[in-house]
$ cat target-v5.csv   # CSV, C-alpha atoms
chain,number,residue,atom,x,y,z
A,1,MET,CA,-36.1,83.8,15.2
A,2,LYS,CA,-37.1,80.6,13.4
A,3,ILE,CA,-40.6,80.6,11.8
A,4,LEU,CA,-42.3,77.3,10.7
A,5,ILE,CA,-44.8,77.8,7.9
A,6,VAL,CA,-47.3,74.9,7.5
A,7,ASP,CA,-49.5,74.9,4.4
A,8,ASP,CA,-50.3,72.2,1.8
A,9,SER,CA,-50.1,74.8,-0.9
A,10,ARG,CA,-46.6,75.7,-2.0
A,11,VAL,CA,-48.0,78.8,-3.6
A,12,MET,CA,-49.4,79.9,-0.2
A,13,ARG,CA,-46.2,79.1,1.7
A,14,GLN,CA,-44.4,81.3,-0.9
A,15,ILE,CA,-47.0,84.1,-0.4
A,16,VAL,CA,-46.7,83.9,3.4
A,17,THR,CA,-42.9,84.2,3.0
A,18,ARG,CA,-43.2,87.2,0.7
A,19,THR,CA,-45.8,88.9,3.0
A,20,LEU,CA,-43.5,88.4,6.0
A,21,ARG,CA,-40.8,90.2,4.1
A,22,GLN,CA,-43.2,93.0,2.9
A,23,ALA,CA,-44.4,93.4,6.5
A,24,GLY,CA,-40.8,94.2,7.5
A,25,PHE,CA,-40.1,90.9,9.2
A,26,THR,CA,-36.8,90.2,7.6
A,27,GLY,CA,-33.8,88.2,8.8
A,28,HIS,CA,-35.8,85.3,10.2
A,29,GLU,CA,-35.0,81.7,9.4
A,30,LEU,CA,-38.0,80.1,7.7
A,31,VAL,CA,-38.8,76.4,7.7
A,32,GLU,CA,-41.7,74.8,5.8
A,33,ALA,CA,-44.0,71.8,6.1
A,34,ASP,CA,-46.9,70.7,3.8
A,35,ASN,CA,-49.3,69.2,6.3
A,36,GLY,CA,-50.0,69.0,10.1
A,37,ARG,CA,-48.1,65.7,10.5
A,38,ALA,CA,-45.0,67.1,8.8
A,39,GLY,CA,-45.5,70.2,10.9
A,40,LEU,CA,-45.4,68.2,14.1
A,41,GLU,CA,-42.2,66.6,13.0
A,42,ALA,CA,-40.7,70.0,12.0
A,43,VAL,CA,-41.5,71.5,15.4
A,44,ILE,CA,-39.5,68.7,17.1
A,45,GLU,CA,-36.7,68.9,14.6
A,46,HIS,CA,-36.3,72.6,14.3
A,47,SER,CA,-37.8,74.1,17.6
A,48,PRO,CA,-39.3,77.1,15.9
A,49,ASN,CA,-40.1,80.3,17.8
A,50,LEU,CA,-43.4,80.7,15.9
A,51,VAL,CA,-45.7,78.5,13.9
A,52,LEU,CA,-47.9,80.0,11.1
A,53,SER,CA,-50.3,77.2,10.0
A,54,ASP,CA,-53.1,76.7,7.6
A,55,TRP,CA,-56.3,75.0,9.0
A,56,ASN,CA,-57.5,72.7,6.2
A,57,MET,CA,-54.8,70.3,5.1
A,58,PRO,CA,-54.6,66.7,4.1
A,59,GLU,CA,-53.0,64.1,6.4
A,60,MET,CA,-53.5,66.2,9.5
A,61,ASN,CA,-55.2,69.5,9.7
A,62,GLY,CA,-54.0,72.5,11.6
A,63,ILE,CA,-56.2,72.2,14.7
A,64,ASP,CA,-55.2,68.6,15.2
A,65,MET,CA,-51.6,69.6,14.9
A,66,LEU,CA,-52.0,72.3,17.5
A,67,GLU,CA,-53.8,70.0,19.9
A,68,ALA,CA,-51.1,67.3,19.4
A,69,LEU,CA,-48.4,69.9,20.1
A,70,ARG,CA,-50.1,71.1,23.3
A,71,SER,CA,-50.8,67.6,24.5
A,72,ARG,CA,-47.0,66.9,24.2
A,73,GLY,CA,-46.3,70.0,26.3
A,74,GLN,CA,-45.1,72.1,23.3
A,75,SER,CA,-45.9,75.7,24.0
A,76,VAL,CA,-44.5,77.3,20.8
A,77,PRO,CA,-46.5,80.4,19.8
A,78,PHE,CA,-49.0,79.2,17.1
A,79,CYS,CA,-51.0,81.3,14.7
A,80,PHE,CA,-53.5,80.1,12.1
A,81,VAL,CA,-53.4,81.6,8.6
A,82,THR,CA,-56.6,80.4,7.1
A,83,SER,CA,-59.4,81.2,4.7
A,84,GLU,CA,-61.9,80.4,7.5
A,85,GLY,CA,-62.0,83.2,10.0
A,86,SER,CA,-65.5,82.7,11.4
A,87,PRO,CA,-66.0,83.6,15.1
A,88,GLU,CA,-66.6,80.0,15.8
A,89,MET,CA,-63.3,78.9,14.3
A,90,VAL,CA,-61.4,81.7,16.1
A,91,THR,CA,-62.9,80.6,19.4
A,92,LYS,CA,-62.0,77.0,18.7
A,93,ALA,CA,-58.5,78.0,17.7
A,94,GLU,CA,-57.9,80.1,20.8
A,95,ALA,CA,-59.4,77.4,23.0
A,96,ALA,CA,-56.8,75.0,21.6
A,97,GLY,CA,-54.0,77.4,22.4
A,98,ALA,CA,-53.6,79.5,19.2
A,99,MET,CA,-52.5,83.1,19.8
A,100,PHE,CA,-54.6,84.4,16.9
A,101,VAL,CA,-56.1,83.8,13.5
A,102,ILE,CA,-55.0,85.7,10.3
A,103,THR,CA,-57.7,85.3,7.7
A,104,LYS,CA,-56.9,84.8,4.0
A,105,PRO,CA,-56.7,86.9,2.0
A,106,PHE,CA,-54.3,88.9,4.1
A,107,THR,CA,-52.1,91.9,3.6
A,108,PRO,CA,-48.6,93.0,4.9
A,109,GLU,CA,-50.5,95.3,7.2
A,110,SER,CA,-52.5,92.6,8.8
A,111,PHE,CA,-49.4,90.5,9.2
A,112,ARG,CA,-47.6,93.4,10.9
A,113,GLU,CA,-50.5,94.1,13.2
A,114,LYS,CA,-50.8,90.5,14.4
A,115,LEU,CA,-47.2,89.5,14.4
A,116,GLU,CA,-45.4,92.6,15.7
A,117,ALA,CA,-45.9,91.5,19.3
A,118,VAL,CA,-44.2,88.1,18.6
A,119,LEU,CA,-41.5,89.0,16.1
A,120,GLY,CA,-40.8,92.6,17.1
A,121,SER,CA,-40.8,95.6,14.7
B,1,MET,CA,-89.0,75.6,17.7
B,2,SER,CA,-86.3,72.9,17.9
B,3,ALA,CA,-82.6,73.5,17.7
B,4,GLN,CA,-82.5,71.7,14.4
B,5,THR,CA,-85.3,73.8,13.0
B,6,ASP,CA,-83.5,76.9,14.2
B,7,THR,CA,-80.3,75.8,12.3
B,8,GLN,CA,-82.3,75.1,9.2
B,9,ALA,CA,-84.0,78.5,9.3
B,10,GLU,CA,-80.7,80.2,9.8
B,11,ALA,CA,-79.2,78.3,6.9
B,12,ALA,CA,-82.1,79.2,4.6
B,13,LEU,CA,-81.8,82.9,5.6
B,14,ALA,CA,-78.1,82.9,4.9
B,15,CYS,CA,-78.5,81.3,1.5
B,16,VAL,CA,-81.3,83.6,0.5
B,17,GLU,CA,-79.1,86.5,1.3
B,18,LEU,CA,-76.2,85.1,-0.8
B,19,GLN,CA,-76.1,87.4,-3.8
B,20,SER,CA,-74.0,87.9,-6.9
B,21,ASP,CA,-72.7,91.1,-5.2
B,22,ASP,CA,-71.4,89.0,-2.3
B,23,LEU,CA,-69.4,86.9,-4.8
B,24,VAL,CA,-68.1,90.0,-6.5
B,25,ALA,CA,-67.0,91.5,-3.2
B,26,ILE,CA,-65.3,88.4,-2.0
B,27,THR,CA,-63.5,87.7,-5.3
B,28,THR,CA,-62.4,91.4,-5.5
B,29,ASP,CA,-60.9,91.2,-2.0
B,30,VAL,CA,-59.0,88.0,-2.9
B,31,TRP,CA,-57.8,89.3,-6.2
B,32,SER,CA,-56.7,92.7,-4.8
B,33,CYS,CA,-54.7,91.1,-2.1
B,34,PHE,CA,-52.9,88.5,-4.1
B,35,LEU,CA,-53.1,89.4,-7.8
B,36,ASP,CA,-52.6,93.2,-7.3
B,37,GLU,CA,-54.6,94.3,-10.3
B,38,GLU,CA,-58.1,95.7,-10.7
B,39,VAL,CA,-60.9,93.2,-11.0
B,40,TYR,CA,-64.3,94.4,-12.0
B,41,PRO,CA,-67.8,92.9,-12.5
B,42,MET,CA,-68.8,92.3,-16.0
B,43,PRO,CA,-72.1,91.3,-17.7
B,44,GLU,CA,-72.6,87.6,-18.4
B,45,ASP,CA,-73.1,88.1,-22.1
B,46,ALA,CA,-69.6,89.7,-22.4
B,47,ALA,CA,-67.9,87.0,-20.3
B,48,GLY,CA,-66.8,84.7,-23.2
B,49,LEU,CA,-65.9,81.6,-21.2
B,50,ASP,CA,-66.4,79.2,-24.2
B,51,ALA,CA,-62.8,78.1,-24.4
B,52,GLU,CA,-61.3,75.4,-22.4
B,53,SER,CA,-61.1,76.5,-18.8
B,54,VAL,CA,-59.5,75.6,-15.5
B,55,LEU,CA,-62.2,74.8,-13.0
B,56,ALA,CA,-61.5,74.8,-9.3
B,57,SER,CA,-64.1,73.8,-6.7
B,58,VAL,CA,-64.2,73.5,-3.0
B,59,GLY,CA,-67.0,71.7,-1.1
B,60,ILE,CA,-69.0,72.9,1.8
B,61,VAL,CA,-70.7,70.3,4.1
B,62,GLY,CA,-72.8,70.6,7.2
B,63,ALA,CA,-76.0,72.5,7.8
B,64,TRP,CA,-75.7,73.6,4.1
B,65,GLY,CA,-74.3,71.4,1.4
B,66,GLY,CA,-72.8,72.4,-1.9
B,67,HIS,CA,-69.7,73.9,-3.4
B,68,VAL,CA,-68.1,77.0,-4.7
B,69,LEU,CA,-66.7,76.9,-8.3
B,70,LEU,CA,-64.1,79.2,-9.8
B,71,GLU,CA,-63.5,79.1,-13.6
B,72,LEU,CA,-60.9,80.9,-15.7
B,73,PRO,CA,-59.8,80.3,-19.3
B,74,VAL,CA,-56.5,78.4,-19.3
B,75,ALA,CA,-54.5,81.5,-20.3
B,76,GLY,CA,-56.2,83.4,-17.4
B,77,ALA,CA,-55.4,80.7,-14.9
B,78,GLU,CA,-51.8,80.7,-16.0
B,79,ALA,CA,-51.7,84.5,-15.7
B,80,ALA,CA,-53.1,84.3,-12.2
B,81,ALA,CA,-50.6,81.7,-11.1
B,82,LYS,CA,-47.7,83.8,-12.5
B,83,ARG,CA,-49.0,86.8,-10.6
B,84,MET,CA,-49.4,85.0,-7.4
B,85,LEU,CA,-45.9,83.4,-7.6
B,86,ASP,CA,-44.3,86.5,-9.1
B,87,LEU,CA,-42.8,84.3,-11.8
B,88,GLU,CA,-42.6,84.6,-15.6
B,89,GLU,CA,-43.2,80.9,-16.2
B,90,VAL,CA,-45.2,78.5,-14.2
B,91,THR,CA,-45.7,74.7,-14.3
B,92,ALA,CA,-49.1,73.0,-14.6
B,93,LEU,CA,-48.7,71.9,-11.0
B,94,GLU,CA,-48.2,75.5,-9.9
B,95,ILE,CA,-51.4,76.6,-11.8
B,96,VAL,CA,-53.4,73.8,-10.0
B,97,ASP,CA,-51.9,74.9,-6.7
B,98,ALA,CA,-52.6,78.6,-7.3
B,99,LEU,CA,-56.2,78.1,-8.5
B,100,GLY,CA,-56.9,75.8,-5.6
B,101,GLU,CA,-55.8,78.4,-3.2
B,102,LEU,CA,-57.8,81.1,-4.9
B,103,THR,CA,-60.9,78.9,-4.7
B,104,ASN,CA,-60.1,78.0,-1.1
B,105,MET,CA,-60.1,81.6,-0.1
B,106,VAL,CA,-63.2,82.5,-2.1
B,107,GLY,CA,-64.9,79.4,-0.6
B,108,GLY,CA,-63.8,80.1,2.9
B,109,ASN,CA,-65.3,83.6,2.7
B,110,VAL,CA,-68.5,82.3,1.1
B,111,LYS,CA,-68.7,79.8,4.0
B,112,SER,CA,-68.5,82.7,6.4
B,113,LEU,CA,-72.0,83.8,5.1
B,114,LEU,CA,-73.4,80.3,5.8
B,115,PRO,CA,-74.5,78.7,9.1
B,116,PRO,CA,-71.6,78.2,11.6
B,117,THR,CA,-72.0,74.4,11.5
B,118,CYS,CA,-70.6,74.2,7.9
B,119,HIS,CA,-67.2,72.9,7.1
B,120,LEU,CA,-64.9,73.6,4.1
B,121,GLY,CA,-63.3,70.8,2.2
B,122,LEU,CA,-60.0,70.7,0.2
B,123,PRO,CA,-60.0,72.3,-3.3
B,124,MET,CA,-60.0,70.2,-6.5
B,125,VAL,CA,-58.8,71.6,-9.8
B,126,VAL,CA,-59.4,70.3,-13.3
B,127,GLN,CA,-59.0,71.5,-16.9
B,128,GLY,CA,-61.9,71.1,-19.3
B,129,THR,CA,-64.9,72.7,-20.9
B,130,VAL,CA,-67.3,74.9,-19.0
B,131,ALA,CA,-70.5,72.9,-19.5
B,132,PRO,CA,-72.2,71.5,-16.4
B,133,ALA,CA,-68.9,70.9,-14.8
B,134,ALA,CA,-70.3,71.1,-11.3
B,135,GLY,CA,-71.9,67.6,-11.5
B,136,THR,CA,-75.4,66.3,-11.8
B,137,ASP,CA,-76.4,66.4,-8.1
B,138,THR,CA,-76.1,70.2,-7.7
B,139,ILE,CA,-77.8,73.3,-9.0
B,140,GLU,CA,-76.3,76.7,-9.4
B,141,ILE,CA,-77.9,79.2,-7.0
B,142,CYS,CA,-75.7,82.2,-7.5
B,143,ARG,CA,-73.0,83.4,-9.9
B,144,ALA,CA,-70.9,86.4,-10.8
B,145,PHE,CA,-68.6,87.3,-13.8
B,146,LEU,CA,-65.6,89.4,-13.3
B,147,GLY,CA,-63.0,90.8,-15.6
B,148,TRP,CA,-59.3,90.8,-14.8
B,149,ALA,CA,-56.2,91.3,-16.9
B,150,ASP,CA,-57.9,90.6,-20.3
B,151,THR,CA,-59.5,87.5,-19.0
B,152,THR,CA,-62.8,86.4,-17.3
B,153,VAL,CA,-63.3,85.0,-13.9
B,154,ARG,CA,-66.6,83.1,-13.3
B,155,VAL,CA,-67.5,82.4,-9.6
B,156,SER,CA,-70.6,80.3,-8.8
B,157,VAL,CA,-72.2,78.7,-5.8
B,158,TRP,CA,-73.9,75.3,-6.2
B,159,ALA,CA,-76.3,73.6,-3.8
B,160,LYS,CA,-76.9,69.9,-3.5
B,161,THR,CA,-80.1,68.8,-5.2
B,162,ASN,CA,-80.9,66.2,-2.5
B,163,ARG,CA,-81.5,69.2,-0.4
B,164,ASP,CA,-84.0,72.1,-1.0
B,165,ARG,CA,-83.1,75.2,-3.0
B,166,ASN,CA,-81.4,76.6,0.1
B,167,GLY,CA,-79.1,73.6,0.4
B,168,LEU,CA,-81.0,72.2,3.4
B,169,ALA,CA,-81.4,68.4,3.8
B,170,THR,CA,-84.8,67.3,2.6
$ encode --input "target-v5.csv" --output "structure tokens"
Amino acid sequence: MKILIVDDSRVMRQIVTRTLRQAGFTGHELVEADNGRAGLEAVIEHSPNLVLSDWNMPEMNGIDMLEALRSRGQSVPFCFVTSEGSPEMVTKAEAAGAMFVITKPFTPESFREKLEAVLGS
Amino acid sequence: MSAQTDTQAEAALACVELQSDDLVAITTDVWSCFLDEEVYPMPEDAAGLDAESVLASVGIVGAWGGHVLLELPVAGAEAAAKRMLDLEEVTALEIVDALGELTNMVGGNVKSLLPPTCHLGLPMVVQGTVAPAAGTDTIEICRAFLGWADTTVRVSVWAKTNRDRNGLAT
């Protein structure tokens, strides 16, 4: 599978990559983008099977990216990985079409629990 | 009671309940997930944050206004970035990125204790002296000192002074 990781922090993209590996999700092709606008372009260019995206980013934030994707008919599975996991934001994310929200800080266990259904064990 | 007054009352309650222990718990959670080494509360007089530090802040706007500030000595900030990236050497840009992310996570979790109508900004990171680095239009309402890997982590929450002590618009 191809996974697109969208986060303005290179450190966090690296940690997400490492956590995927630690959670046992190996052998997947990983693509990165550093904001929502670049993420939109990456979805068109790479046709990922899953998007893992931050919420707060410069240029275009994650929720605007998700809404733009859905308005264009893109139904790629979309998961937020964000430091803001309040019930209100989870509701907003799910209403926009996100599968779920993983809250930072996260662990390999939380990645496995949330992503197993999408990526398999 | 109007909806606006309800929101203000909720905001006040949330801020009154924000304690040093909350900052310790949040910071410990972030550190244990991404820096994989024990972090522990320490008394303020043992903190020793006089040297030049890296200061990272993230703003919160909405029903409550202010920001969350994370401070580490330069060497401590470098150690944190190395640990997060699992590298033996890091660049200044990587230190800024790492500290910004740590602050973003601490700030995001502090925000979860505030009213739901608050929004988190993007982190800003500078290197300088500790002094009143948070600016002149804010007052510190809560702080915690933690020890980690022979260094000190100072976490504080600052409220806008054009609002009342609970961060509410006056």
$ interface_residues --input "target-v5.csv" --of "chain B" --to "chain A" --cutoff "7 Å" --atoms "all atoms listed in the file" --output "tab-separated table (two decimals) with C-alpha atoms, in the coordinates of the input"
chain	number	residue	atom	x	y	z
B	30	VAL	CA	-59.00	88.00	-2.90
B	33	CYS	CA	-54.70	91.10	-2.10
B	85	LEU	CA	-45.90	83.40	-7.60
B	97	ASP	CA	-51.90	74.90	-6.70
B	98	ALA	CA	-52.60	78.60	-7.30
B	104	ASN	CA	-60.10	78.00	-1.10
B	105	MET	CA	-60.10	81.60	-0.10
B	108	GLY	CA	-63.80	80.10	2.90
B	109	ASN	CA	-65.30	83.60	2.70
B	112	SER	CA	-68.50	82.70	6.40
B	116	PRO	CA	-71.60	78.20	11.60
B	122	LEU	CA	-60.00	70.70	0.20
$ residues_around --input "target-v5.csv" --residues "A:Ala117" --least-positions-apart "2" --cutoff "12 Å" --atoms "only C-alpha atoms" --output "list in words"
Phe25, Leu50, Pro77, Met99, Phe100, Phe111, Arg112, Glu113, Lys114, Leu115, Leu119, Gly120 and Ser121 of chain A
$ residues_around --input "target-v5.csv" --residues "stretch 50-56 of chain B" --least-positions-apart "5" --cutoff "8 Å" --atoms "all atoms listed in the file" --output "VMD selection string"
chain B and resid 69 to 74 77 99 to 100 103 123 to 130 133
$ closest_residue --input "target-v5.csv" --among "A:Leu4, A:Val118, A:Glu109, A:Ala95" --to "A:Gly24" --atoms "all atoms listed in the file"
A:Glu109
$ residues_near_point --input "target-v5.csv" --point "(-42.4, 77.3, 6.2)" --cutoff "6 Å" --atoms "only C-alpha atoms" --output "number ranges by chain"
A: 4-6, 30-33
$ closest_residue --input "target-v5.csv" --among "B:Asp137, B:Asp45, B:Glu38, B:Asp22" --to "B:Val155" --atoms "all atoms listed in the file"
B:Asp22
$ closest_residue --input "target-v5.csv" --among "A:Lys2, A:Ser110, A:Met60, A:Leu69" --to "A:Thr19" --atoms "all atoms listed in the file"
A:Ser110
$ atom_distance --input "target-v5.csv" --atom1 "atom CA of A:Glu116" --atom2 "atom CA of B:Asp36"
24.1 Å
$ atom_distance --input "target-v5.csv" --atom1 "atom CA of A:Met1" --atom2 "atom CA of A:Ser47"
10.1 Å
$ atom_distance --input "target-v5.csv" --atom1 "atom CA of B:Gly147" --atom2 "atom CA of B:Tyr40"
5.3 Å
$ residues_around --input "target-v5.csv" --residues "B:Val68" --least-positions-apart "2" --cutoff "8 Å" --atoms "all atoms listed in the file" --output "NGL selection string"
:B and (57-60 or 66 or 70 or 103 or 106-107 or 110 or 155-158)
$ write_last_selection --input "target-v5.csv" --atoms "C-alpha atoms" --output "PDB file, in the frame of the given file"
ATOM      1  CA  SER B  57     -64.100  73.800  -6.700  1.00  0.00           C
ATOM      2  CA  VAL B  58     -64.200  73.500  -3.000  1.00  0.00           C
ATOM      3  CA  GLY B  59     -67.000  71.700  -1.100  1.00  0.00           C
ATOM      4  CA  ILE B  60     -69.000  72.900   1.800  1.00  0.00           C
ATOM      5  CA  GLY B  66     -72.800  72.400  -1.900  1.00  0.00           C
ATOM      6  CA  LEU B  70     -64.100  79.200  -9.800  1.00  0.00           C
ATOM      7  CA  THR B 103     -60.900  78.900  -4.700  1.00  0.00           C
ATOM      8  CA  VAL B 106     -63.200  82.500  -2.100  1.00  0.00           C
ATOM      9  CA  GLY B 107     -64.900  79.400  -0.600  1.00  0.00           C
ATOM     10  CA  VAL B 110     -68.500  82.300   1.100  1.00  0.00           C
ATOM     11  CA  VAL B 155     -67.500  82.400  -9.600  1.00  0.00           C
ATOM     12  CA  SER B 156     -70.600  80.300  -8.800  1.00  0.00           C
ATOM     13  CA  VAL B 157     -72.200  78.700  -5.800  1.00  0.00           C
ATOM     14  CA  TRP B 158     -73.900  75.300  -6.200  1.00  0.00           C
TER      15      TRP B 158
END
$ closest_residue --input "target-v5.csv" --among "A:Val43, A:Val16, A:Pro48, A:Glu29" --to "A:Phe80" --atoms "all atoms listed in the file"
A:Val16
$ closest_residue --input "target-v5.csv" --among "A:Gly97, A:Asp34, A:Asp7, A:Leu20" --to "A:Gly73" --atoms "only C-alpha atoms"
A:Gly97
$ closest_residue --input "target-v5.csv" --among "B:Ala81, B:Val153, B:Cys118, B:Ser20" --to "B:Glu140" --atoms "only C-alpha atoms"
B:Ser20
$ decode --input "target-v5.csv" --residues "stretch 24-51 of chain B" --atoms "N, CA and C atoms" --output "PDB file, in the first residue's frame"
ATOM      1  N   VAL B  24       2.549  18.937  34.467  1.00  0.00           N
ATOM      2  CA  VAL B  24       3.479  17.813  34.699  1.00  0.00           C
ATOM      3  C   VAL B  24       2.958  16.558  33.998  1.00  0.00           C
ATOM      4  N   ALA B  25       1.668  16.285  34.144  1.00  0.00           N
ATOM      5  CA  ALA B  25       1.088  15.069  33.543  1.00  0.00           C
ATOM      6  C   ALA B  25       1.171  15.106  32.019  1.00  0.00           C
ATOM      7  N   ILE B  26       0.828  16.254  31.444  1.00  0.00           N
ATOM      8  CA  ILE B  26       0.851  16.391  29.982  1.00  0.00           C
ATOM      9  C   ILE B  26       2.280  16.253  29.459  1.00  0.00           C
ATOM     10  N   THR B  27       3.204  16.959  30.102  1.00  0.00           N
ATOM     11  CA  THR B  27       4.603  16.933  29.636  1.00  0.00           C
ATOM     12  C   THR B  27       5.198  15.539  29.802  1.00  0.00           C
ATOM     13  N   THR B  28       4.865  14.888  30.898  1.00  0.00           N
ATOM     14  CA  THR B  28       5.362  13.529  31.122  1.00  0.00           C
ATOM     15  C   THR B  28       4.864  12.593  30.028  1.00  0.00           C
ATOM     16  N   ASP B  29       3.610  12.756  29.655  1.00  0.00           N
ATOM     17  CA  ASP B  29       3.025  11.914  28.602  1.00  0.00           C
ATOM     18  C   ASP B  29       3.761  12.119  27.269  1.00  0.00           C
ATOM     19  N   VAL B  30       3.980  13.380  26.918  1.00  0.00           N
ATOM     20  CA  VAL B  30       4.674  13.694  25.657  1.00  0.00           C
ATOM     21  C   VAL B  30       6.098  13.154  25.689  1.00  0.00           C
ATOM     22  N   TRP B  31       6.785  13.407  26.789  1.00  0.00           N
ATOM     23  CA  TRP B  31       8.192  12.971  26.887  1.00  0.00           C
ATOM     24  C   TRP B  31       8.302  11.446  26.850  1.00  0.00           C
ATOM     25  N   SER B  32       7.411  10.774  27.554  1.00  0.00           N
ATOM     26  CA  SER B  32       7.526   9.307  27.616  1.00  0.00           C
ATOM     27  C   SER B  32       7.233   8.672  26.260  1.00  0.00           C
ATOM     28  N   CYS B  33       6.382   9.311  25.461  1.00  0.00           N
ATOM     29  CA  CYS B  33       6.075   8.755  24.136  1.00  0.00           C
ATOM     30  C   CYS B  33       7.201   8.990  23.140  1.00  0.00           C
ATOM     31  N   PHE B  34       7.798  10.175  23.178  1.00  0.00           N
ATOM     32  CA  PHE B  34       8.713  10.540  22.089  1.00  0.00           C
ATOM     33  C   PHE B  34      10.164  10.700  22.510  1.00  0.00           C
ATOM     34  N   LEU B  35      10.435  10.765  23.815  1.00  0.00           N
ATOM     35  CA  LEU B  35      11.834  10.908  24.222  1.00  0.00           C
ATOM     36  C   LEU B  35      12.302   9.730  25.060  1.00  0.00           C
ATOM     37  N   ASP B  36      11.372   8.844  25.375  1.00  0.00           N
ATOM     38  CA  ASP B  36      11.719   7.533  25.896  1.00  0.00           C
ATOM     39  C   ASP B  36      12.693   7.569  27.072  1.00  0.00           C
ATOM     40  N   GLU B  37      12.516   8.509  27.960  1.00  0.00           N
ATOM     41  CA  GLU B  37      13.351   8.538  29.157  1.00  0.00           C
ATOM     42  C   GLU B  37      12.552   9.222  30.252  1.00  0.00           C
ATOM     43  N   GLU B  38      12.819   8.820  31.497  1.00  0.00           N
ATOM     44  CA  GLU B  38      12.004   9.317  32.591  1.00  0.00           C
ATOM     45  C   GLU B  38      12.111  10.836  32.743  1.00  0.00           C
ATOM     46  N   VAL B  39      10.969  11.460  32.928  1.00  0.00           N
ATOM     47  CA  VAL B  39      10.910  12.881  33.237  1.00  0.00           C
ATOM     48  C   VAL B  39      10.200  12.992  34.580  1.00  0.00           C
ATOM     49  N   TYR B  40      10.644  13.924  35.418  1.00  0.00           N
ATOM     50  CA  TYR B  40      10.117  13.968  36.780  1.00  0.00           C
ATOM     51  C   TYR B  40       9.968  15.420  37.225  1.00  0.00           C
ATOM     52  N   PRO B  41       8.961  15.698  38.074  1.00  0.00           N
ATOM     53  CA  PRO B  41       8.795  17.064  38.568  1.00  0.00           C
ATOM     54  C   PRO B  41       9.974  17.456  39.451  1.00  0.00           C
ATOM     55  N   MET B  42      10.355  18.706  39.401  1.00  0.00           N
ATOM     56  CA  MET B  42      11.441  19.156  40.264  1.00  0.00           C
ATOM     57  C   MET B  42      11.092  20.518  40.863  1.00  0.00           C
ATOM     58  N   PRO B  43      11.663  20.813  42.053  1.00  0.00           N
ATOM     59  CA  PRO B  43      11.347  22.100  42.684  1.00  0.00           C
ATOM     60  C   PRO B  43      11.924  23.252  41.874  1.00  0.00           C
ATOM     61  N   GLU B  44      11.234  24.376  41.927  1.00  0.00           N
ATOM     62  CA  GLU B  44      11.631  25.528  41.120  1.00  0.00           C
ATOM     63  C   GLU B  44      13.032  26.015  41.469  1.00  0.00           C
ATOM     64  N   ASP B  45      13.389  25.984  42.769  1.00  0.00           N
ATOM     65  CA  ASP B  45      14.696  26.527  43.153  1.00  0.00           C
ATOM     66  C   ASP B  45      15.852  25.616  42.728  1.00  0.00           C
ATOM     67  N   ALA B  46      15.523  24.410  42.244  1.00  0.00           N
ATOM     68  CA  ALA B  46      16.574  23.512  41.769  1.00  0.00           C
ATOM     69  C   ALA B  46      16.627  23.480  40.250  1.00  0.00           C
ATOM     70  N   ALA B  47      15.774  24.290  39.628  1.00  0.00           N
ATOM     71  CA  ALA B  47      15.611  24.154  38.184  1.00  0.00           C
ATOM     72  C   ALA B  47      16.816  24.653  37.381  1.00  0.00           C
ATOM     73  N   GLY B  48      17.434  25.771  37.793  1.00  0.00           N
ATOM     74  CA  GLY B  48      18.625  26.257  37.116  1.00  0.00           C
ATOM     75  C   GLY B  48      18.464  26.519  35.635  1.00  0.00           C
ATOM     76  N   LEU B  49      17.562  27.431  35.302  1.00  0.00           N
ATOM     77  CA  LEU B  49      17.343  27.767  33.889  1.00  0.00           C
ATOM     78  C   LEU B  49      17.910  29.157  33.579  1.00  0.00           C
ATOM     79  N   ASP B  50      19.066  29.463  34.173  1.00  0.00           N
ATOM     80  CA  ASP B  50      19.623  30.809  34.002  1.00  0.00           C
ATOM     81  C   ASP B  50      20.343  30.966  32.673  1.00  0.00           C
ATOM     82  N   ALA B  51      20.840  29.873  32.151  1.00  0.00           N
ATOM     83  CA  ALA B  51      21.605  29.947  30.913  1.00  0.00           C
ATOM     84  C   ALA B  51      20.691  30.259  29.734  1.00  0.00           C
TER      85      ALA B  51
END
